[in-house]
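This is protein-v1.txt (compact mmCIF, C-alpha atoms).
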```txt
# COMPACT_ATOMS: atom_id res chain seq x y z
CA MET Q 35 -35.79 38.77 -46.63
CA ARG Q 36 -34.29 42.22 -47.02
CA ILE Q 37 -31.27 42.74 -44.79
CA SER Q 38 -28.69 45.45 -44.32
CA VAL Q 39 -25.28 44.64 -42.87
CA GLU Q 40 -22.48 47.08 -42.28
CA ILE Q 41 -19.15 45.62 -43.39
CA ASN Q 42 -15.93 47.54 -42.86
CA GLY Q 43 -17.92 50.73 -42.42
CA ARG Q 44 -20.04 50.38 -45.55
CA ALA Q 45 -23.68 49.28 -45.65
CA TYR Q 46 -24.56 46.31 -47.86
CA GLU Q 47 -28.27 45.77 -48.44
CA ASP Q 48 -29.72 42.80 -50.28
CA ASP Q 49 -32.46 40.16 -50.42
CA VAL Q 50 -31.44 36.83 -48.93
CA GLU Q 51 -33.07 33.51 -48.17
CA PRO Q 52 -33.18 32.67 -44.45
CA ARG Q 53 -30.81 29.77 -45.17
CA THR Q 54 -28.12 32.03 -46.67
CA LEU Q 55 -24.98 31.74 -44.53
CA LEU Q 56 -23.24 34.91 -43.44
CA SER Q 57 -20.06 33.65 -45.14
CA ASP Q 58 -21.92 33.43 -48.45
CA PHE Q 59 -23.50 36.85 -47.95
CA ILE Q 60 -20.04 38.34 -47.41
CA ARG Q 61 -18.56 36.63 -50.49
CA HIS Q 62 -21.43 36.54 -52.98
CA HIS Q 63 -23.70 39.42 -52.02
CA ALA Q 64 -21.12 41.92 -50.76
CA GLY Q 65 -18.42 40.63 -53.14
CA LEU Q 66 -15.79 40.60 -50.41
CA THR Q 67 -13.94 37.40 -51.29
CA GLY Q 68 -11.09 37.85 -48.81
CA THR Q 69 -13.10 35.78 -46.34
CA LYS Q 70 -12.57 32.12 -47.23
CA VAL Q 71 -14.94 29.20 -46.77
CA GLY Q 72 -13.34 25.90 -45.80
CA CYS Q 73 -15.25 23.25 -43.92
CA GLU Q 74 -18.62 24.95 -43.42
CA GLN Q 75 -19.03 23.17 -40.11
CA GLY Q 76 -17.13 25.39 -37.73
CA VAL Q 77 -13.91 23.41 -37.55
CA CYS Q 78 -11.31 25.14 -39.74
CA GLY Q 79 -11.69 28.83 -38.87
CA ALA Q 80 -10.99 30.06 -42.42
CA CYS Q 81 -14.24 32.06 -42.47
CA THR Q 82 -13.54 33.94 -39.21
CA VAL Q 83 -14.74 37.56 -39.24
CA GLN Q 84 -15.56 40.01 -36.45
CA LEU Q 85 -19.06 40.94 -35.36
CA ASP Q 86 -19.06 44.09 -33.26
CA GLY Q 87 -15.35 43.48 -32.69
CA GLU Q 88 -15.63 39.85 -31.57
CA PRO Q 89 -14.32 36.97 -33.71
CA LEU Q 90 -16.77 34.35 -34.96
CA ARG Q 91 -17.24 31.75 -37.65
CA SER Q 92 -19.24 33.33 -40.45
CA CYS Q 93 -20.25 29.86 -41.74
CA LEU Q 94 -22.06 29.21 -38.45
CA MET Q 95 -24.26 32.27 -38.63
CA LEU Q 96 -27.19 32.99 -40.89
CA ALA Q 97 -27.00 36.22 -42.84
CA VAL Q 98 -30.40 37.24 -41.44
CA GLN Q 99 -28.91 37.09 -37.93
CA ALA Q 100 -26.45 39.83 -38.93
CA ASP Q 101 -29.18 42.23 -40.08
CA GLY Q 102 -28.43 45.66 -38.66
CA ARG Q 103 -25.10 44.54 -37.20
CA SER Q 104 -21.56 45.68 -37.89
CA LEU Q 105 -18.94 43.33 -39.36
CA ARG Q 106 -15.25 43.56 -40.03
CA THR Q 107 -13.54 41.32 -42.56
CA VAL Q 108 -9.91 40.99 -43.66
CA GLU Q 109 -10.51 43.77 -46.22
CA GLY Q 110 -11.05 46.10 -43.26
CA LEU Q 111 -7.65 45.49 -41.70
CA ALA Q 112 -5.39 47.59 -43.90
CA ASP Q 113 -5.61 51.32 -43.34
CA ASP Q 114 -5.76 53.24 -46.61
CA GLY Q 115 -3.44 50.79 -48.40
CA GLU Q 116 -1.08 50.50 -45.41
CA LEU Q 117 -0.96 46.90 -44.17
CA HIS Q 118 -1.99 46.21 -40.58
CA PRO Q 119 1.01 45.24 -38.38
CA LEU Q 120 -0.31 41.66 -38.27
CA GLN Q 121 -0.53 41.47 -42.06
CA ARG Q 122 2.98 42.87 -42.41
CA ALA Q 123 4.34 40.44 -39.80
CA PHE Q 124 2.70 37.46 -41.55
CA HIS Q 125 4.36 38.59 -44.78
CA GLU Q 126 7.75 39.14 -43.20
CA ALA Q 127 7.82 35.98 -41.09
CA HIS Q 128 6.61 33.83 -44.00
CA ALA Q 129 3.58 32.86 -41.92
CA LEU Q 130 1.60 31.80 -44.98
CA GLN Q 131 2.15 29.56 -47.94
CA CYS Q 132 -1.07 28.96 -49.87
CA GLY Q 133 -2.76 31.75 -47.91
CA PHE Q 134 -6.22 30.21 -47.74
CA CYS Q 135 -6.32 30.16 -43.93
CA THR Q 136 -4.65 33.55 -43.50
CA PRO Q 137 -7.69 35.88 -43.39
CA GLY Q 138 -9.19 33.73 -40.63
CA PHE Q 139 -5.96 33.76 -38.64
CA LEU Q 140 -5.67 37.54 -39.03
CA MET Q 141 -9.22 38.23 -37.86
CA SER Q 142 -8.84 35.86 -34.88
CA MET Q 143 -5.48 37.26 -33.87
CA GLU Q 144 -6.46 40.93 -34.27
CA ALA Q 145 -9.27 40.39 -31.75
CA PHE Q 146 -7.03 38.29 -29.48
CA LEU Q 147 -4.25 40.90 -29.32
CA ARG Q 148 -6.76 43.62 -28.43
CA GLU Q 149 -7.70 41.52 -25.39
CA ARG Q 150 -4.19 40.20 -24.64
CA PRO Q 151 -1.60 42.67 -26.00
CA ALA Q 152 1.31 40.70 -24.49
CA PRO Q 153 0.29 37.03 -24.52
CA ALA Q 154 2.49 34.24 -23.20
CA GLU Q 155 3.34 31.68 -25.87
CA HIS Q 156 1.04 29.03 -24.39
CA GLU Q 157 -1.85 31.55 -24.42
CA LEU Q 158 -1.09 32.35 -28.03
CA ARG Q 159 -1.00 28.66 -28.97
CA GLU Q 160 -4.35 28.16 -27.23
CA ALA Q 161 -5.81 31.17 -29.07
CA LEU Q 162 -4.57 29.82 -32.40
CA ALA Q 163 -6.23 26.43 -31.85
CA GLY Q 164 -9.45 27.57 -33.53
CA ASN Q 165 -7.76 28.14 -36.88
CA LEU Q 166 -6.26 25.34 -38.97
CA CYS Q 167 -3.27 25.77 -41.28
CA ARG Q 168 -2.15 22.84 -43.40
CA CYS Q 169 0.99 24.47 -44.88
CA THR Q 170 3.14 26.26 -42.34
CA GLY Q 171 3.28 24.02 -39.31
CA TYR Q 172 2.29 27.10 -37.23
CA VAL Q 173 5.80 28.02 -36.06
CA ALA Q 174 6.07 30.99 -38.40
CA ILE Q 175 2.51 32.04 -37.52
CA ILE Q 176 3.41 32.16 -33.83
CA GLU Q 177 6.54 34.19 -34.66
CA ALA Q 178 4.50 36.59 -36.78
CA VAL Q 179 1.87 37.19 -34.11
CA GLU Q 180 4.51 37.72 -31.43
CA SER Q 181 6.37 40.14 -33.68
CA ALA Q 182 3.17 42.06 -34.50
CA ALA Q 183 2.22 42.15 -30.82
CA ARG Q 184 5.59 43.71 -29.98
CA GLU Q 185 5.19 46.29 -32.71
CA MET Q 186 1.64 47.14 -31.66
CA ARG Q 187 2.82 47.60 -28.07
CA GLY Q 188 5.41 50.01 -29.44
CA GLY Q 189 8.36 47.77 -28.64
CA ASP Q 190 11.29 46.49 -30.67
CA VAL Q 191 10.08 44.90 -33.91
CA GLN Q 192 13.10 42.65 -34.42
CA GLY Q 193 14.19 41.36 -31.05
CA GLY Q 194 12.61 40.37 -27.78
CA MET O 288 -22.96 21.99 -48.10
CA LYS O 289 -25.75 24.53 -47.64
CA PRO O 290 -28.85 24.24 -45.48
CA ALA O 291 -32.12 23.04 -46.99
CA ARG O 292 -34.84 25.69 -47.22
CA PHE O 293 -36.62 26.66 -44.04
CA ASP O 294 -38.92 29.38 -42.78
CA TYR O 295 -37.45 31.80 -40.28
CA ALA O 296 -38.97 33.58 -37.33
CA ALA O 297 -37.22 35.95 -34.94
CA PRO O 298 -39.54 36.51 -31.98
CA ALA O 299 -38.75 39.28 -29.50
CA THR O 300 -40.25 37.73 -26.35
CA VAL O 301 -40.53 34.35 -24.65
CA ASP O 302 -44.30 34.51 -25.00
CA GLU O 303 -44.06 35.03 -28.74
CA THR O 304 -41.50 32.20 -28.99
CA LEU O 305 -43.73 29.71 -27.18
CA GLY O 306 -46.50 30.41 -29.68
CA LEU O 307 -44.19 29.25 -32.50
CA LEU O 308 -42.80 26.03 -31.05
CA ASP O 309 -44.15 22.72 -32.27
CA ASP O 310 -42.95 19.43 -33.84
CA ASP O 311 -41.74 21.14 -37.03
CA ALA O 312 -39.84 23.98 -35.38
CA THR O 313 -36.23 24.08 -34.23
CA VAL O 314 -34.88 26.66 -31.81
CA LEU O 315 -31.80 28.57 -32.96
CA ALA O 316 -29.85 30.21 -30.13
CA GLY O 317 -26.12 30.69 -30.80
CA GLY O 318 -26.16 28.29 -33.76
CA GLN O 319 -22.77 26.74 -33.05
CA SER O 320 -24.24 23.23 -32.99
CA LEU O 321 -27.42 23.73 -35.01
CA VAL O 322 -25.91 25.52 -38.03
CA PRO O 323 -23.38 22.72 -38.73
CA LEU O 324 -26.30 20.26 -38.59
CA LEU O 325 -28.26 22.48 -41.00
CA ASN O 326 -25.24 22.85 -43.31
CA LEU O 327 -24.79 19.07 -43.43
CA ARG O 328 -28.57 18.68 -43.82
CA LEU O 329 -28.64 16.35 -40.84
CA ALA O 330 -31.31 18.73 -39.55
CA GLN O 331 -34.00 19.90 -41.97
CA PRO O 332 -36.58 21.78 -39.88
CA ALA O 333 -39.57 23.45 -41.51
CA LEU O 334 -39.21 26.44 -39.23
CA VAL O 335 -36.18 27.89 -37.47
CA VAL O 336 -37.14 30.01 -34.46
CA ASP O 337 -34.23 32.36 -33.73
CA ILE O 338 -34.28 33.36 -30.06
CA GLY O 339 -31.16 35.51 -30.39
CA GLY O 340 -33.34 38.62 -30.14
CA VAL O 341 -35.22 37.55 -27.00
CA ALA O 342 -33.48 40.05 -24.72
CA GLU O 343 -35.25 38.88 -21.56
CA LEU O 344 -33.30 35.58 -21.71
CA ASP O 345 -29.86 37.21 -21.70
CA TYR O 346 -28.72 37.59 -18.08
CA ILE O 347 -26.46 36.25 -15.36
CA ARG O 348 -27.51 37.23 -11.86
CA ALA O 349 -27.46 36.03 -8.27
CA GLU O 350 -30.84 35.77 -6.59
CA ASP O 351 -31.46 34.34 -3.11
CA GLY O 352 -27.96 32.92 -3.18
CA ALA O 353 -28.50 31.01 -6.43
CA LEU O 354 -26.95 31.83 -9.79
CA ARG O 355 -29.54 32.34 -12.52
CA ILE O 356 -28.38 32.15 -16.12
CA GLY O 357 -30.78 33.11 -18.91
CA ALA O 358 -30.81 30.58 -21.74
CA THR O 359 -29.41 32.88 -24.44
CA THR O 360 -26.49 34.10 -22.34
CA ARG O 361 -23.41 33.74 -24.52
CA GLN O 362 -20.68 31.37 -23.36
CA ALA O 363 -18.27 34.31 -23.73
CA ALA O 364 -20.42 36.30 -21.27
CA LEU O 365 -20.30 33.47 -18.73
CA GLU O 366 -16.53 33.29 -19.25
CA ARG O 367 -16.24 37.03 -18.47
CA SER O 368 -18.70 36.98 -15.55
CA GLN O 369 -16.95 38.00 -12.34
CA LEU O 370 -19.94 36.71 -10.37
CA ALA O 371 -19.51 33.20 -11.78
CA ARG O 372 -15.76 33.38 -11.39
CA ASP O 373 -16.00 34.36 -7.70
CA ASP O 374 -18.80 32.14 -6.46
CA TRP O 375 -19.22 29.32 -9.05
CA PRO O 376 -15.64 28.97 -10.34
CA LEU O 377 -16.36 25.50 -11.74
CA LEU O 378 -18.46 27.16 -14.45
CA HIS O 379 -15.61 29.50 -15.31
CA LYS O 380 -13.19 26.58 -15.58
CA ALA O 381 -15.58 24.53 -17.71
CA VAL O 382 -16.69 27.26 -20.13
CA ARG O 383 -13.09 28.10 -21.07
CA LEU O 384 -12.85 24.58 -22.51
CA VAL O 385 -15.92 24.94 -24.75
CA GLY O 386 -14.74 25.01 -28.37
CA HIS O 387 -12.66 28.08 -29.25
CA PRO O 388 -13.10 31.81 -28.51
CA GLN O 389 -14.70 32.17 -31.97
CA ILE O 390 -17.33 29.60 -30.90
CA ARG O 391 -17.94 31.07 -27.44
CA THR O 392 -18.64 34.50 -28.97
CA ARG O 393 -21.86 33.08 -30.41
CA GLY O 394 -22.53 29.86 -28.49
CA THR O 395 -25.02 30.09 -25.62
CA VAL O 396 -25.18 28.38 -22.23
CA GLY O 397 -28.76 27.28 -22.88
CA GLY O 398 -27.88 25.97 -26.32
CA SER O 399 -25.13 23.80 -24.90
CA VAL O 400 -27.59 22.32 -22.40
CA ALA O 401 -30.49 21.86 -24.82
CA HIS O 402 -28.26 20.32 -27.51
CA ALA O 403 -27.03 17.75 -24.93
CA ASP O 404 -23.88 16.69 -26.72
CA PRO O 405 -22.34 13.95 -24.56
CA ALA O 406 -18.91 15.60 -25.01
CA ALA O 407 -20.08 19.06 -23.87
CA GLU O 408 -18.42 20.57 -20.79
CA LEU O 409 -21.19 22.81 -19.42
CA PRO O 410 -23.81 20.06 -18.88
CA VAL O 411 -21.22 18.08 -16.88
CA ALA O 412 -20.23 21.06 -14.73
CA LEU O 413 -23.91 21.93 -14.17
CA THR O 414 -24.63 18.31 -13.21
CA ALA O 415 -21.87 18.38 -10.58
CA LEU O 416 -23.24 21.67 -9.25
CA GLY O 417 -26.77 20.27 -8.89
CA ALA O 418 -28.30 22.77 -11.33
CA ARG O 419 -32.02 22.97 -12.11
CA PHE O 420 -33.24 23.54 -15.66
CA HIS O 421 -36.40 25.59 -16.20
CA LEU O 422 -38.50 24.75 -19.25
CA ALA O 423 -41.40 26.97 -20.30
CA SER O 424 -44.32 26.20 -22.58
CA ARG O 425 -47.85 27.48 -23.02
CA ARG O 426 -48.79 24.73 -20.55
CA GLY O 427 -46.65 26.27 -17.83
CA VAL O 428 -43.13 26.05 -16.43
CA ARG O 429 -41.41 22.94 -15.11
CA SER O 430 -38.08 22.57 -13.44
CA LEU O 431 -35.88 19.49 -13.93
CA GLY O 432 -32.63 18.20 -12.50
CA ALA O 433 -29.83 16.94 -14.75
CA ALA O 434 -30.82 13.28 -14.39
CA GLU O 435 -34.37 14.11 -15.53
CA LEU O 436 -33.31 16.37 -18.40
CA PHE O 437 -30.45 14.48 -20.09
CA LEU O 438 -31.81 11.23 -21.56
CA GLY O 439 -29.22 10.34 -24.21
CA PRO O 440 -26.81 11.75 -26.79
CA LEU O 441 -28.41 14.91 -28.25
CA TYR O 442 -31.61 13.86 -26.50
CA THR O 443 -33.39 15.55 -23.60
CA SER O 444 -36.83 15.36 -22.03
CA ARG O 445 -37.68 18.81 -23.44
CA GLU O 446 -40.98 18.57 -25.34
CA PRO O 447 -41.20 20.17 -28.82
CA ASP O 448 -43.40 22.99 -27.47
CA GLU O 449 -41.02 23.73 -24.60
CA LEU O 450 -38.22 26.27 -24.40
CA LEU O 451 -35.31 26.07 -21.98
CA VAL O 452 -35.49 29.52 -20.38
CA GLU O 453 -33.21 29.45 -17.35
CA ILE O 454 -30.51 27.47 -15.61
CA GLU O 455 -30.44 27.81 -11.84
CA VAL O 456 -27.29 26.88 -9.97
CA PRO O 457 -27.70 26.55 -6.21
CA ALA O 458 -25.44 28.35 -3.76
CA GLN O 459 -22.34 26.36 -2.97
CA PRO O 460 -21.49 25.66 0.68
CA ASP O 461 -18.88 27.76 2.45
CA GLY O 462 -15.37 26.47 1.94
CA SER O 463 -16.18 24.68 -1.30
CA ALA O 464 -13.59 24.38 -4.05
CA SER O 465 -13.84 23.01 -7.55
CA GLY O 466 -11.89 21.29 -10.27
CA PHE O 467 -12.44 20.42 -13.93
CA ALA O 468 -10.19 18.14 -15.98
CA GLU O 469 -10.63 16.80 -19.49
CA HIS O 470 -8.78 15.01 -22.22
CA ALA O 471 -9.12 16.18 -25.82
CA ARG O 472 -6.84 15.48 -28.78
CA THR O 473 -6.06 19.19 -29.12
CA HIS O 474 -7.20 22.24 -27.18
CA GLY O 475 -10.77 23.11 -28.15
CA ASP O 476 -11.59 19.71 -29.64
CA PHE O 477 -14.50 17.74 -28.32
CA ALA O 478 -13.35 16.00 -25.16
CA THR O 479 -12.97 12.23 -25.07
CA ALA O 480 -13.52 12.24 -21.32
CA GLY O 481 -13.63 14.65 -18.44
CA ALA O 482 -14.60 15.18 -14.84
CA ALA O 483 -16.05 17.99 -12.76
CA ALA O 484 -15.78 18.17 -8.98
CA VAL O 485 -17.08 20.50 -6.28
CA VAL O 486 -15.94 19.59 -2.81
CA ALA O 487 -16.85 21.15 0.53
CA PRO O 488 -16.36 19.86 4.06
CA GLY O 489 -18.65 16.83 4.38
CA ARG O 490 -20.09 17.22 0.89
CA ALA O 491 -19.06 16.57 -2.72
CA GLY O 492 -20.50 16.81 -6.23
CA ILE O 493 -18.72 14.83 -8.95
CA ALA O 494 -19.85 14.34 -12.55
CA LEU O 495 -18.18 12.57 -15.44
CA LEU O 496 -18.03 13.29 -19.17
CA GLY O 497 -17.48 10.34 -21.49
CA ALA O 498 -18.44 7.69 -18.95
CA ALA O 499 -21.95 7.32 -20.36
CA PRO O 500 -24.07 8.87 -23.16
CA VAL O 501 -25.16 11.58 -20.69
CA PRO O 502 -23.41 13.42 -17.84
CA VAL O 503 -23.46 11.14 -14.79
CA ARG O 504 -23.12 11.87 -11.10
CA ALA O 505 -20.56 9.63 -9.38
CA GLU O 506 -22.57 9.12 -6.20
CA ALA O 507 -20.42 6.40 -4.62
CA ALA O 508 -17.36 8.62 -5.06
CA GLU O 509 -19.23 11.62 -3.64
CA ARG O 510 -20.17 9.65 -0.51
CA ALA O 511 -16.64 8.31 -0.09
CA LEU O 512 -15.13 11.76 -0.49
CA ALA O 513 -17.56 13.30 1.99
CA ALA O 514 -16.51 10.57 4.43
CA GLY O 515 -12.84 11.50 4.02
CA ALA O 516 -11.55 9.28 1.16
CA ALA O 517 -8.42 10.39 -0.69
CA PRO O 518 -8.80 11.78 -4.25
CA HIS O 519 -7.40 8.64 -5.89
CA GLU O 520 -9.72 6.37 -3.89
CA ALA O 521 -12.79 8.44 -4.80
CA ALA O 522 -11.66 8.58 -8.44
CA GLU O 523 -11.48 4.77 -8.67
CA LEU O 524 -15.02 4.55 -7.33
CA ALA O 525 -16.23 7.24 -9.76
CA ALA O 526 -15.13 5.29 -12.82
CA ALA O 527 -15.60 1.74 -11.49
CA ASP O 528 -18.73 1.01 -13.55
CA ILE O 529 -17.27 1.90 -16.94
CA ASP O 530 -16.83 -1.27 -19.04
CA ASP O 531 -14.29 -0.04 -21.58
CA ASP O 532 -10.76 -0.30 -20.15
CA TYR O 533 -9.43 2.82 -21.88
CA ARG O 534 -12.35 5.00 -20.88
CA ARG O 535 -12.27 3.70 -17.32
CA ALA O 536 -8.55 4.46 -17.03
CA LEU O 537 -9.05 7.91 -18.55
CA CYS O 538 -12.05 8.79 -16.36
CA THR O 539 -10.27 7.55 -13.23
CA GLU O 540 -7.28 9.77 -13.86
CA LEU O 541 -9.36 12.81 -14.87
CA ALA O 542 -11.62 12.37 -11.84
CA ARG O 543 -8.51 12.17 -9.65
CA ARG O 544 -7.18 15.42 -11.13
CA ALA O 545 -10.50 17.23 -10.78
CA ILE O 546 -10.97 16.05 -7.19
CA ALA O 547 -7.35 16.89 -6.30
CA GLU O 548 -7.86 20.39 -7.73
CA ALA O 549 -10.99 20.73 -5.56
CA THR O 550 -9.30 19.51 -2.37
CA PRO O 551 -6.34 21.81 -1.90
```

Can you present the structure in this file as structure tokens?
Amino acid sequence: MRISVEINGRAYEDDVEPRTLLSDFIRHHAGLTGTKVGCEQGVCGACTVQLDGEPLRSCLMLAVQADGRSLRTVEGLADDGELHPLQRAFHEAHALQCGFCTPGFLMSMEAFLRERPAPAEHELREALAGNLCRCTGYVAIIEAVESAAREMRGGDVQGG
Amino acid sequence: MKPARFDYAAPATVDETLGLLDDDATVLAGGQSLVPLLNLRLAQPALVVDIGGVAELDYIRAEDGALRIGATTRQAALERSQLARDDWPLLHKAVRLVGHPQIRTRGTVGGSVAHADPAAELPVALTALGARFHLASRRGVRSLGAAELFLGPLYTSREPDELLVEIEVPAQPDGSASGFAEHARTHGDFATAGAAAVVAPGRAGIALLGAAPVPVRAEAAERALAAGAAPHEAAELAAADIDDDYRRALCTELARRAIAEATP
């Protein structure tokens, strides 16, 4: 089937089988390999992208279901080479080690902070539950998201 | 793993959908349960009928006092629905426990019901609320209660040519309050056990998750509660028939919490 999907503002058109997963379309057809594929059964969250601004697992969607829709992947976060505040905070707070889970965390958290710009820590922990990280132990990830949230609200980047 | 090959159809109307459903077809709604099964090749349908584009099934509205939820309504839409939050708060409490936000973006209310996972929250909440499930086929429409629909784990009385089109939740009596409690290893995991309760003066609806392979109404507990029993007494009755000691203890405590939340 011929489909056309807009990713990060650019249209990608290609022939796919109905069984092609959206995650594979993003990586192999569009060549955007920032999105990672972990468990392929909706558990790990590594493949999280945004469809019309809402986060979802791209391994649990068929590429044909995204025909005519608009996606955002981790490649769409930075603005003209300038890292997104979340990306910068992950870097600064050492919120990644191997980095495999990071794109999924970033796409989940970017959507979450749009909805909850000043989350309480327990809300943030709940929101993080859909993404697994096997390196960091999450503490630095929570620090990074809180720091980015402060910056995005226009507050003090360093302190509380 | 990747799915085995299948044919794909994306009908635009219920009528068109019903013409495609047979023994070899599987309905794809939000895909949050079906796509993992396809990826693992536990499901290998010849035809996947994607009802994501059937716009007429995407609604939440009140009609004659009842809440009507179209089958393809996203779980995220139910979570955001002010109507559900105001008048059927049990649904709001239950849907927030379904998977993670990234799952609820795509997952549908109808899909959760039709998939009939014994650990799913929405079927249990809908059972406590006395919901009716409307199934359409070319032979007509029939309406079933929870006890008639849920037959076993991942198993309902829906025939292969039938489509779940609507979930109807009756008006709740004045002064009713609700509670939902569950135990899962971490937030968003499948629940090991849970309980849903709606309590009004002289009337109660209680359903358990994890007590049996399907959501079950705790009728003895409902009668006791309506007659004025305390939450812990009703909770003991609710879980009394569960053989396994751990599950019985868990269901008793969760039922107590849900009932206590519903009896402020």

Per residue of chain Q within 8 Å of chain O, record the nearest atom pair and its distance in Å to one decimal, counting all atoms listed in the file, with rows in chain order and ascending residue number, as JSON lines.
```
{"residue": "Q:Pro52", "atom": "CA", "partner": "O:Tyr295", "partner_atom": "CA", "distance": 6.0}
{"residue": "Q:Arg53", "atom": "CA", "partner": "O:Pro290", "partner_atom": "CA", "distance": 5.9}
{"residue": "Q:Thr54", "atom": "CA", "partner": "O:Pro290", "partner_atom": "CA", "distance": 7.9}
{"residue": "Q:Leu55", "atom": "CA", "partner": "O:Lys289", "partner_atom": "CA", "distance": 7.9}
{"residue": "Q:Glu74", "atom": "CA", "partner": "O:Asn326", "partner_atom": "CA", "distance": 6.9}
{"residue": "Q:Gln75", "atom": "CA", "partner": "O:Pro323", "partner_atom": "CA", "distance": 4.6}
{"residue": "Q:Gly76", "atom": "CA", "partner": "O:Pro323", "partner_atom": "CA", "distance": 6.9}
{"residue": "Q:Thr82", "atom": "CA", "partner": "O:Gln389", "partner_atom": "CA", "distance": 7.5}
{"residue": "Q:Glu88", "atom": "CA", "partner": "O:Thr392", "partner_atom": "CA", "distance": 6.7}
{"residue": "Q:Pro89", "atom": "CA", "partner": "O:Gln389", "partner_atom": "CA", "distance": 5.1}
{"residue": "Q:Leu90", "atom": "CA", "partner": "O:Gln389", "partner_atom": "CA", "distance": 4.2}
{"residue": "Q:Arg91", "atom": "CA", "partner": "O:Gln389", "partner_atom": "CA", "distance": 6.2}
{"residue": "Q:Leu94", "atom": "CA", "partner": "O:Val322", "partner_atom": "CA", "distance": 5.3}
{"residue": "Q:Met95", "atom": "CA", "partner": "O:Gly318", "partner_atom": "CA", "distance": 6.6}
{"residue": "Q:Ser142", "atom": "CA", "partner": "O:Gln389", "partner_atom": "CA", "distance": 7.5}
{"residue": "Q:Glu160", "atom": "CA", "partner": "O:His474", "partner_atom": "CA", "distance": 6.6}
{"residue": "Q:Ala161", "atom": "CA", "partner": "O:Pro388", "partner_atom": "CA", "distance": 7.3}
{"residue": "Q:Ala163", "atom": "CA", "partner": "O:His474", "partner_atom": "CA", "distance": 6.3}
{"residue": "Q:Gly164", "atom": "CA", "partner": "O:His387", "partner_atom": "CA", "distance": 5.4}
```

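Between atom CA of Ala545 of chain O and atom CA of Phe467 of chain O there is a distance of 4.9 Å.
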
Please identify all polymer residues within 12 Å of segment 114-120 of chain Q, counting all atoms listed in the file, omitting same-chain residues fewer than 5 positions from it, and present them as a ChimeraX atom specification. /Q:108-109,125-129,136-137,139-148,175-188,191

Selection: 9 Å around Gly110 of chain Q, all atoms listed in the file, excl. self and same-chain fewer than 2 positions, as a list of chain:residue names: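 In the requested form, the answer reads Q:Ile41, Q:Asn42, Q:Gly43, Q:Arg106, Q:Thr107, Q:Val108, Q:Ala112, Q:Asp113.
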
Selected residues, C-alpha atoms, written as a JSON list (two decimals), in the frame of the given file, please.
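What landed in part.json:
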```json
[["chain", "number", "residue", "atom", "x", "y", "z"],
["Q", 41, "ILE", "CA", -19.15, 45.62, -43.39],
["Q", 42, "ASN", "CA", -15.93, 47.54, -42.86],
["Q", 43, "GLY", "CA", -17.92, 50.73, -42.42],
["Q", 106, "ARG", "CA", -15.25, 43.56, -40.03],
["Q", 107, "THR", "CA", -13.54, 41.32, -42.56],
["Q", 108, "VAL", "CA", -9.91, 40.99, -43.66],
["Q", 112, "ALA", "CA", -5.39, 47.59, -43.90],
["Q", 113, "ASP", "CA", -5.61, 51.32, -43.34]]
```

Atomic separation - atom CA of Leu450 of chain O relative to atom CA of Leu315 of chain O, Å: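 Taking atom CA of Leu315 of chain O and atom CA of Leu450 of chain O, their separation equals 10.9 Å.
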
Counting all atoms listed in the file, the residue of O:Glu506, O:Glu366, O:Glu469, O:Glu523 that sits nearest Ala406 of chain O: O:Glu469

Atomic distance atom CA of Ala507 of chain O - atom CA of Leu416 of chain O, expressed in Å with one decimal: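 Computing it gives 16.2 Å between the two atoms.
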
Using the file's own x, y and z axes, so that the box edges lie along x, y and z, what centre and edge lengths in Å (one decimal) does a box around every listed atom of segment 511-519 of chain O get when 5 Å is added on each side? Give it as JSON.
```
{"center_x": -12.5, "center_y": 10.8, "center_z": -0.7, "size_x": 20.2, "size_y": 15.0, "size_z": 20.3}
```

Which residues are near segment 477-486 of chain O? Cut-off 7 Å, only C-alpha atoms, ignore same chain within fewer than 5 positions. Put them as a short mmCIF file (atom, residue, chain, number, x, y, z; two decimals) with C-alpha atoms, in the frame of the given file.
```cif
data_model
loop_
_atom_site.label_atom_id
_atom_site.label_comp_id
_atom_site.auth_asym_id
_atom_site.auth_seq_id
_atom_site.Cartn_x
_atom_site.Cartn_y
_atom_site.Cartn_z
CA ALA O 406 -18.91 15.60 -25.01
CA VAL O 411 -21.22 18.08 -16.88
CA ALA O 412 -20.23 21.06 -14.73
CA ALA O 415 -21.87 18.38 -10.58
CA LEU O 416 -23.24 21.67 -9.25
CA SER O 463 -16.18 24.68 -1.30
CA ALA O 464 -13.59 24.38 -4.05
CA SER O 465 -13.84 23.01 -7.55
CA GLY O 466 -11.89 21.29 -10.27
CA PHE O 467 -12.44 20.42 -13.93
CA ALA O 468 -10.19 18.14 -15.98
CA GLU O 469 -10.63 16.80 -19.49
CA HIS O 470 -8.78 15.01 -22.22
CA ALA O 471 -9.12 16.18 -25.82
CA ALA O 491 -19.06 16.57 -2.72
CA GLY O 492 -20.50 16.81 -6.23
CA ILE O 493 -18.72 14.83 -8.95
CA ALA O 494 -19.85 14.34 -12.55
CA LEU O 495 -18.18 12.57 -15.44
CA LEU O 496 -18.03 13.29 -19.17
CA GLY O 497 -17.48 10.34 -21.49
CA LEU O 537 -9.05 7.91 -18.55
CA CYS O 538 -12.05 8.79 -16.36
CA LEU O 541 -9.36 12.81 -14.87
CA ALA O 542 -11.62 12.37 -11.84
CA ALA O 545 -10.50 17.23 -10.78
CA ILE O 546 -10.97 16.05 -7.19
CA ALA O 549 -10.99 20.73 -5.56
CA THR O 550 -9.30 19.51 -2.37
#
```

Expected residue set, 12 Å radius at (-16.6, 34.0, -8.7), only C-alpha atoms, as a list in words: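 I get Arg348, Ala349, Leu354, Leu365, Glu366, Arg367, Ser368, Gln369, Leu370, Ala371, Arg372, Asp373, Asp374, Trp375, Pro376, Leu377, Leu378, His379, Lys380, Ala458, Gln459, Ser463, Ala464 and Ser465 of chain O for the residues within 12 Å of that point.
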